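A.B. asks: My file is data12.json. It has JSON, C-alpha atoms:
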[["chain", "number", "residue", "atom", "x", "y", "z"],
["A", 1, "MET", "CA", -14.87, 6.53, 13.56],
["A", 2, "GLU", "CA", -14.22, 2.80, 13.85],
["A", 3, "THR", "CA", -16.57, 0.63, 11.78],
["A", 4, "ASN", "CA", -15.67, -2.77, 13.28],
["A", 5, "PRO", "CA", -18.17, -3.18, 16.16],
["A", 6, "THR", "CA", -15.75, -5.20, 18.32],
["A", 7, "ALA", "CA", -12.96, -2.68, 17.89],
["A", 8, "LEU", "CA", -15.40, 0.14, 18.58],
["A", 9, "LEU", "CA", -16.54, -1.48, 21.83],
["A", 10, "LEU", "CA", -12.93, -1.86, 22.95],
["A", 11, "GLU", "CA", -12.20, 1.74, 21.99],
["A", 12, "LEU", "CA", -15.24, 3.00, 23.92],
["A", 13, "ALA", "CA", -14.26, 0.95, 26.98],
["A", 14, "ALA", "CA", -10.79, 2.49, 26.88],
["A", 15, "GLN", "CA", -12.27, 5.98, 26.57],
["A", 16, "ALA", "CA", -14.64, 5.35, 29.48],
["A", 17, "GLN", "CA", -11.71, 4.82, 31.83],
["A", 18, "SER", "CA", -10.85, 8.51, 31.63],
["A", 19, "VAL", "CA", -14.39, 9.97, 31.62],
["A", 20, "CYS", "CA", -15.89, 11.06, 34.92],
["A", 21, "ASP", "CA", -18.92, 13.13, 34.02],
["A", 22, "PRO", "CA", -22.28, 11.32, 33.79],
["A", 23, "ASP", "CA", -23.20, 12.84, 30.42],
["A", 24, "GLY", "CA", -19.95, 11.68, 28.86],
["A", 25, "LEU", "CA", -20.37, 8.19, 30.28],
["A", 26, "HIS", "CA", -23.98, 8.08, 29.09],
["A", 27, "ASP", "CA", -22.84, 9.01, 25.57],
["A", 28, "LEU", "CA", -20.20, 6.26, 25.58],
["A", 29, "LEU", "CA", -22.72, 3.73, 26.88],
["A", 30, "SER", "CA", -25.25, 4.70, 24.19],
["A", 31, "ARG", "CA", -22.64, 4.37, 21.45],
["A", 32, "GLY", "CA", -21.50, 1.04, 22.88],
["A", 33, "HIS", "CA", -25.04, -0.27, 23.02],
["A", 34, "ARG", "CA", -25.60, 0.60, 19.35],
["A", 35, "ALA", "CA", -22.34, -1.15, 18.41],
["A", 36, "TRP", "CA", -23.28, -4.22, 20.44],
["A", 37, "ARG", "CA", -26.71, -4.39, 18.76],
["A", 38, "LYS", "CA", -25.08, -4.11, 15.33],
["A", 39, "SER", "CA", -22.73, -6.97, 16.23],
["A", 40, "VAL", "CA", -25.64, -9.16, 17.29],
["A", 41, "ALA", "CA", -27.54, -8.31, 14.10],
["A", 42, "ASP", "CA", -24.46, -9.13, 11.99],
["A", 43, "VAL", "CA", -24.09, -12.53, 13.67],
["A", 44, "GLN", "CA", -27.79, -13.28, 13.24],
["A", 45, "ALA", "CA", -27.66, -12.35, 9.55],
["A", 46, "GLY", "CA", -24.59, -14.53, 9.06],
["A", 47, "VAL", "CA", -26.23, -17.52, 10.72],
["A", 48, "ASP", "CA", -29.36, -16.96, 8.64],
["A", 49, "ARG", "CA", -27.29, -16.93, 5.43],
["A", 50, "GLU", "CA", -25.31, -20.03, 6.41],
["A", 51, "THR", "CA", -28.32, -22.08, 7.49],
["A", 52, "ALA", "CA", -31.01, -20.98, 5.01],
["A", 53, "SER", "CA", -30.46, -23.94, 2.69],
["A", 54, "MET", "CA", -30.04, -26.54, 5.44],
["A", 55, "SER", "CA", -32.61, -29.19, 6.19],
["A", 56, "ASP", "CA", -33.93, -29.45, 9.74],
["A", 57, "ASP", "CA", -31.68, -32.48, 10.28],
["A", 58, "GLN", "CA", -28.58, -30.65, 9.01],
["A", 59, "PHE", "CA", -29.43, -27.65, 11.18],
["A", 60, "ALA", "CA", -29.92, -29.85, 14.26],
["A", 61, "LYS", "CA", -26.54, -31.53, 13.67],
["A", 62, "ARG", "CA", -24.87, -28.14, 13.32],
["A", 63, "CYS", "CA", -26.41, -26.96, 16.60],
["A", 64, "ILE", "CA", -25.27, -30.12, 18.38],
["A", 65, "ALA", "CA", -21.75, -29.69, 16.99],
["A", 66, "ALA", "CA", -21.68, -26.07, 18.12],
["A", 67, "GLY", "CA", -22.78, -27.15, 21.58],
["A", 68, "ASP", "CA", -19.95, -29.67, 21.71],
["A", 69, "GLN", "CA", -17.48, -27.03, 20.54],
["A", 70, "TYR", "CA", -18.66, -24.46, 23.11],
["A", 71, "PRO", "CA", -19.65, -26.49, 26.20],
["A", 72, "TRP", "CA", -19.87, -23.41, 28.45],
["A", 73, "HIS", "CA", -23.15, -22.50, 26.68],
["A", 74, "ARG", "CA", -24.94, -25.48, 28.19]]
Could you write out this structure as structure tokens?
C.D. replies:
Amino acid sequence: METNPTALLLELAAQAQSVCDPDGLHDLLSRGHRAWRKSVADVQAGVDRETASMSDDQFAKRCIAAGDQYPWHR
């Protein structure tokens, strides 16, 4: 079983292309949802670790810089 959540999601998507029965698709969707939630939790934990020691001003500057780097999130 793949442990990298991104790779697992891609693997499940590939598997879903050849599954026709509803129970099989439901199983793949459930597994994908768990992997997606784990990915989100991993990102949140990483951000928490990286920003825990920042002042409010440093954190605000980081958020502004991220917004400039990823303008489609505006």
A.B. asks: Have a look at CA of Gly46 in chain A and CA of Leu29 in chain A and let me know their distance in Å, one decimal.
C.D. replies: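 Result for CA of Gly46 in chain A versus CA of Leu29 in chain A: 25.6 Å, one decimal.
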A.B. asks: Between A:Leu12, A:Ser53, A:Ala41, A:Glu2, which one has atoms that come closest to His26 in chain A, using all atoms listed in the file?
C.D. replies: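 Of all the options, A:Leu12 lies closest to His26 in chain A.
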A.B. asks: Give the answer as one residue: which of A:Gly67, A:Ser55, A:Glu50, A:Lys38 has the shortest atom-to-atom distance to Leu9 in chain A, using all atoms listed in the file?
C.D. replies: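 Ranking A:Gly67, A:Ser55, A:Glu50, A:Lys38 by distance to Leu9 in chain A, first place goes to A:Lys38.
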A.B. asks: Can you work out the spacing between CA of Ser39 in chain A and CA of Leu25 in chain A in Å, to one decimal?
C.D. replies: 20.8 Å
A.B. asks: Return the single residue from A:Asp23, A:Glu11, A:Ser30, A:Thr6 that is closest to Asp42 in chain A, with distances computed using all atoms listed in the file.
C.D. replies: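 For Asp42 in chain A, the nearest of the given residues is A:Thr6.
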A.B. asks: Mind giving me the straight-line distance from CA of Leu10 in chain A to CA of Gly32 in chain A in Å, one decimal?
C.D. replies: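 Distance reported for this atom pair: 9.0 Å.
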A.B. asks: For each of A:Met54, A:Arg34, A:Ala65, A:Leu28, take the minimum atom-to-atom distance to Ala16 in chain A, counting all atoms listed in the file, then give the residue where this is smallest.
C.D. replies: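 Between A:Met54, A:Arg34, A:Ala65, A:Leu28, the residue approaching Ala16 in chain A most closely is A:Leu28.
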